[in-house]
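Peer 1: Structure below; questions to follow.
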Amino acid sequence: MKSPHPPIVAPSLLASNHGRLADGAQAVVETGLAWLHLDIMDGHFVPNLSFGPQVLADLRPLSRLFFDTHLMLDNPHEYVEAFIQAGAQQISVHIEPDYPVAETLKYIRDRNVLCGIALNPGTPVDAVEPLLERVDNVLVMTVQPGFGGQKFHHDVLPKIAQIAQWRSERKLDYRIEVDGGVDDATGLLCKAEGADIFVCGTAFYHAPDRRAFAARLEA
Ligand code: DX5
Ligand code: ZN
């Protein structure tokens, strides 16, 4: 089922050189794209560490990129305000950890920032179903989160289809974002099921022609 929203390619800064994150963001600007995906990892919810709100705050004045922030944290509710103040424009939090999820989504929305709910490949789609009316975005992980450069999980495709079907049946308008192992081939499989935001780390930064790569997904 096709999405009602135009497709967006959101390059993941995680796949750029962390000693030159500003250059990684600038590469997205130069490709003519509008969104930047920022992966925040705590070493607990996922077995890796990335960067924190100070990095967003320092990158914020350097471009007009839309900061699409993905919190892979055990306690995201303790950090959403810091990311809002740092310039996040969409914040997606995971369904799996034990914290007040609905309150956290409301907090983000009340601060006029788009809110998303994220789910891991092994999490049944029913887990996010009660929250659909409260979100602007459903972030469907197509790899186990923690590291870039992993292989796309094809068995997640039916979950995307179900989330798109609920969107249509209930006349909701959240976006569906896919993240992990997304390239121009796997991204188009997700698009056919209803996805409309394509997070691309490795595939974007390693593409020989980034404009042509993004154009294939945004077509
Ligand atoms: C994985 C992150 C992804 C990651 C995607 O934990 O959430 O955003 O950067 O990287 P690729 O596109 O390389 O799989
Ligand atoms: Zn991500």
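Just remember, in the structure tokens the first chain shown is A, the second B, etc., residues are 1-based per chain, and ligands are 1-based in the order shown.
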Just the residues within 9 Å of Pro11 in chain A, please, counting only C-alpha atoms, with nothing from its chain fewer than 2 positions along; format it as an NGL selection string.

Peer 2: :A and (9 or 13-15 or 25 or 28 or 33 or 35-38 or 198-205)

Peer 1: Take the residues from that selection and put them in a file with C-alpha atoms, as a PDB file, in the first residue's frame.

Peer 2:
ATOM      1  CA  VAL A   9      15.719  10.000   2.490  1.00  0.00           C
ATOM      2  CA  LEU A  13      25.200  10.526  10.615  1.00  0.00           C
ATOM      3  CA  LEU A  14      26.290   7.393  12.507  1.00  0.00           C
ATOM      4  CA  ALA A  15      27.868   6.161   9.267  1.00  0.00           C
ATOM      5  CA  ALA A  25      26.126  16.744   7.873  1.00  0.00           C
ATOM      6  CA  VAL A  28      23.823  15.750   3.214  1.00  0.00           C
ATOM      7  CA  LEU A  33      18.562  16.448   1.004  1.00  0.00           C
ATOM      8  CA  TRP A  35      16.750  15.462   6.655  1.00  0.00           C
ATOM      9  CA  LEU A  36      19.532  14.168   8.902  1.00  0.00           C
ATOM     10  CA  HIS A  37      19.001  11.071  11.080  1.00  0.00           C
ATOM     11  CA  LEU A  38      20.780  11.189  14.452  1.00  0.00           C
ATOM     12  CA  PHE A 198      14.236   5.908   4.494  1.00  0.00           C
ATOM     13  CA  VAL A 199      17.151   6.043   6.918  1.00  0.00           C
ATOM     14  CA  CYS A 200      20.336   5.240   5.025  1.00  0.00           C
ATOM     15  CA  GLY A 201      23.701   5.160   6.750  1.00  0.00           C
ATOM     16  CA  THR A 202      26.233   2.997   4.978  1.00  0.00           C
ATOM     17  CA  ALA A 203      24.380   3.025   1.652  1.00  0.00           C
ATOM     18  CA  PHE A 204      24.290   6.838   1.557  1.00  0.00           C
ATOM     19  CA  TYR A 205      27.830   7.638   2.676  1.00  0.00           C
TER      20      TYR A 205
END

Peer 1: According to DSSP computed on the backbone, where in range 110-183 of chain A is there strand (DSSP E or B)? Give the residues as number ranges by chain.

Peer 2: A: 114-119, 137-141, 175-179

Peer 1: Can I get the selected residues back with N, CA, C and O atoms, as a PDB file, in the first residue's frame?

Peer 2:
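Dumped to selection_16.pdb:
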ATOM      1  N   LEU A 114       7.879  16.773  16.582  1.00  0.00           N
ATOM      2  CA  LEU A 114       7.206  15.553  16.125  1.00  0.00           C
ATOM      3  C   LEU A 114       7.683  14.370  16.972  1.00  0.00           C
ATOM      4  O   LEU A 114       8.848  14.312  17.371  1.00  0.00           O
ATOM      5  N   CYS A 115       6.743  13.439  17.238  1.00  0.00           N
ATOM      6  CA  CYS A 115       7.113  12.299  18.084  1.00  0.00           C
ATOM      7  C   CYS A 115       6.902  10.997  17.336  1.00  0.00           C
ATOM      8  O   CYS A 115       5.979  10.859  16.530  1.00  0.00           O
ATOM      9  N   GLY A 116       7.786  10.047  17.613  1.00  0.00           N
ATOM     10  CA  GLY A 116       7.689   8.745  16.961  1.00  0.00           C
ATOM     11  C   GLY A 116       7.866   7.621  17.965  1.00  0.00           C
ATOM     12  O   GLY A 116       8.513   7.780  18.996  1.00  0.00           O
ATOM     13  N   ILE A 117       7.278   6.467  17.607  1.00  0.00           N
ATOM     14  CA  ILE A 117       7.492   5.258  18.401  1.00  0.00           C
ATOM     15  C   ILE A 117       8.287   4.279  17.527  1.00  0.00           C
ATOM     16  O   ILE A 117       7.970   4.095  16.349  1.00  0.00           O
ATOM     17  N   ALA A 118       9.338   3.710  18.114  1.00  0.00           N
ATOM     18  CA  ALA A 118      10.225   2.808  17.374  1.00  0.00           C
ATOM     19  C   ALA A 118      10.069   1.387  17.897  1.00  0.00           C
ATOM     20  O   ALA A 118       9.843   1.180  19.096  1.00  0.00           O
ATOM     21  N   LEU A 119      10.186   0.418  17.001  1.00  0.00           N
ATOM     22  CA  LEU A 119      10.128  -0.977  17.456  1.00  0.00           C
ATOM     23  C   LEU A 119      11.199  -1.823  16.767  1.00  0.00           C
ATOM     24  O   LEU A 119      11.507  -1.628  15.588  1.00  0.00           O
ATOM     25  N   ASN A 137       5.050   9.466  13.794  1.00  0.00           N
ATOM     26  CA  ASN A 137       5.960   8.593  13.065  1.00  0.00           C
ATOM     27  C   ASN A 137       6.020   7.226  13.752  1.00  0.00           C
ATOM     28  O   ASN A 137       6.013   7.148  14.975  1.00  0.00           O
ATOM     29  N   VAL A 138       6.078   6.166  12.944  1.00  0.00           N
ATOM     30  CA  VAL A 138       6.378   4.830  13.469  1.00  0.00           C
ATOM     31  C   VAL A 138       7.699   4.413  12.823  1.00  0.00           C
ATOM     32  O   VAL A 138       7.805   4.349  11.595  1.00  0.00           O
ATOM     33  N   LEU A 139       8.712   4.207  13.672  1.00  0.00           N
ATOM     34  CA  LEU A 139      10.053   3.857  13.186  1.00  0.00           C
ATOM     35  C   LEU A 139      10.209   2.338  13.283  1.00  0.00           C
ATOM     36  O   LEU A 139      10.296   1.786  14.387  1.00  0.00           O
ATOM     37  N   VAL A 140      10.209   1.696  12.152  1.00  0.00           N
ATOM     38  CA  VAL A 140      10.304   0.236  12.100  1.00  0.00           C
ATOM     39  C   VAL A 140      11.768  -0.130  11.880  1.00  0.00           C
ATOM     40  O   VAL A 140      12.339   0.132  10.815  1.00  0.00           O
ATOM     41  N   MET A 141      12.378  -0.756  12.895  1.00  0.00           N
ATOM     42  CA  MET A 141      13.774  -1.183  12.749  1.00  0.00           C
ATOM     43  C   MET A 141      13.827  -2.403  11.834  1.00  0.00           C
ATOM     44  O   MET A 141      13.134  -3.396  12.071  1.00  0.00           O
ATOM     45  N   ARG A 175       3.804   9.036   9.678  1.00  0.00           N
ATOM     46  CA  ARG A 175       4.747   8.525   8.696  1.00  0.00           C
ATOM     47  C   ARG A 175       5.271   7.164   9.145  1.00  0.00           C
ATOM     48  O   ARG A 175       5.185   6.829  10.331  1.00  0.00           O
ATOM     49  N   ILE A 176       5.804   6.408   8.215  1.00  0.00           N
ATOM     50  CA  ILE A 176       6.425   5.113   8.528  1.00  0.00           C
ATOM     51  C   ILE A 176       7.874   5.179   8.066  1.00  0.00           C
ATOM     52  O   ILE A 176       8.159   5.376   6.880  1.00  0.00           O
ATOM     53  N   GLU A 177       8.768   5.065   9.066  1.00  0.00           N
ATOM     54  CA  GLU A 177      10.209   5.212   8.821  1.00  0.00           C
ATOM     55  C   GLU A 177      10.855   3.840   8.928  1.00  0.00           C
ATOM     56  O   GLU A 177      10.558   3.083   9.851  1.00  0.00           O
ATOM     57  N   VAL A 178      11.752   3.538   8.011  1.00  0.00           N
ATOM     58  CA  VAL A 178      12.494   2.279   8.090  1.00  0.00           C
ATOM     59  C   VAL A 178      13.969   2.583   8.292  1.00  0.00           C
ATOM     60  O   VAL A 178      14.503   3.556   7.757  1.00  0.00           O
ATOM     61  N   ASP A 179      14.619   1.738   9.096  1.00  0.00           N
ATOM     62  CA  ASP A 179      15.964   2.052   9.570  1.00  0.00           C
ATOM     63  C   ASP A 179      16.755   0.766   9.755  1.00  0.00           C
ATOM     64  O   ASP A 179      16.412  -0.063  10.604  1.00  0.00           O
TER      65      ASP A 179
END

Peer 1: For Glu129 in chain A, find every residue with an atom within 10 Å (counting only C-alpha atoms), except residues of its own chain fewer than 6 positions away, and show them as a VMD selection string.

Peer 2: chain A and resid 162 to 163 166

Peer 1: From a DSSP pass on the backbone, collect the residues of range 42-97 of chain A flagged as helix (DSSP H, G or I) and hand them back as number ranges by chain.

Peer 2: A: 53-62, 76-78, 80-86

Peer 1: Neighbouring residues of range 81-98 of chain A were defined as those with any atom within 7 Å, considering only C-alpha atoms; residues of the same chain fewer than 6 positions away were excluded. Please report them as an MDAnalysis selection string.

Peer 2: chainID A and resid 53:54 56:57 60 66:72 74 113:119

Peer 1: Include N, CA and C atoms and write out the residues we just selected as a CSV table (one decimal), in the first residue's frame.

Peer 2:
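So part37.csv came out as:
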chain,number,residue,atom,x,y,z
A,53,PRO,N,23.4,15.2,23.2
A,53,PRO,CA,22.7,16.4,22.8
A,53,PRO,C,23.7,17.5,22.4
A,54,GLN,N,24.9,17.5,23.0
A,54,GLN,CA,25.8,18.6,22.7
A,54,GLN,C,26.2,18.5,21.2
A,56,LEU,N,24.3,17.6,18.7
A,56,LEU,CA,23.2,18.3,18.0
A,56,LEU,C,23.2,19.8,18.2
A,57,ALA,N,23.5,20.2,19.4
A,57,ALA,CA,23.5,21.7,19.6
A,57,ALA,C,24.6,22.3,18.8
A,60,ARG,N,23.6,22.3,15.1
A,60,ARG,CA,22.3,23.0,14.8
A,60,ARG,C,22.5,24.3,14.0
A,66,PHE,N,16.7,19.1,8.8
A,66,PHE,CA,15.7,18.6,9.8
A,66,PHE,C,16.3,17.5,10.6
A,67,PHE,N,16.4,17.8,12.0
A,67,PHE,CA,17.0,16.8,12.9
A,67,PHE,C,16.1,15.7,13.3
A,68,ASP,N,16.2,14.6,12.7
A,68,ASP,CA,15.4,13.4,13.0
A,68,ASP,C,16.1,12.5,14.0
A,69,THR,N,15.7,12.5,15.2
A,69,THR,CA,16.5,12.0,16.3
A,69,THR,C,15.9,10.7,16.8
A,70,HIS,N,16.7,9.7,16.9
A,70,HIS,CA,16.3,8.3,17.2
A,70,HIS,C,17.0,7.9,18.5
A,71,LEU,N,16.2,7.9,19.6
A,71,LEU,CA,16.8,7.6,20.9
A,71,LEU,C,16.8,6.1,21.2
A,72,MET,N,18.0,5.5,21.2
A,72,MET,CA,18.1,4.1,21.6
A,72,MET,C,18.6,4.1,23.0
A,74,ASP,N,17.6,3.3,27.4
A,74,ASP,CA,16.7,2.7,28.4
A,74,ASP,C,15.8,3.7,29.1
A,113,VAL,N,7.4,19.3,18.9
A,113,VAL,CA,8.3,18.5,18.2
A,113,VAL,C,7.6,17.3,17.8
A,114,LEU,N,7.9,16.8,16.6
A,114,LEU,CA,7.2,15.6,16.1
A,114,LEU,C,7.7,14.4,17.0
A,115,CYS,N,6.7,13.4,17.2
A,115,CYS,CA,7.1,12.3,18.1
A,115,CYS,C,6.9,11.0,17.3
A,116,GLY,N,7.8,10.0,17.6
A,116,GLY,CA,7.7,8.7,17.0
A,116,GLY,C,7.9,7.6,18.0
A,117,ILE,N,7.3,6.5,17.6
A,117,ILE,CA,7.5,5.3,18.4
A,117,ILE,C,8.3,4.3,17.5
A,118,ALA,N,9.3,3.7,18.1
A,118,ALA,CA,10.2,2.8,17.4
A,118,ALA,C,10.1,1.4,17.9
A,119,LEU,N,10.2,0.4,17.0
A,119,LEU,CA,10.1,-1.0,17.5
A,119,LEU,C,11.2,-1.8,16.8

Peer 1: Using only C-alpha atoms, which residues sit within 12 Å of Glu218 in chain A once same-chain residues fewer than 4 positions away are excluded, as a ChimeraX atom specification?

Peer 2: /A:5-10,32-34,183-184,187-188,191,195-199,211-214

Peer 1: Measuring atom to atom with only C-alpha atoms and all ligand atoms, identify which of A:Gly146, A:Gly194, A:Pro158, A:Pro100 is nearest to ligand 2.

Peer 2: A:Gly146
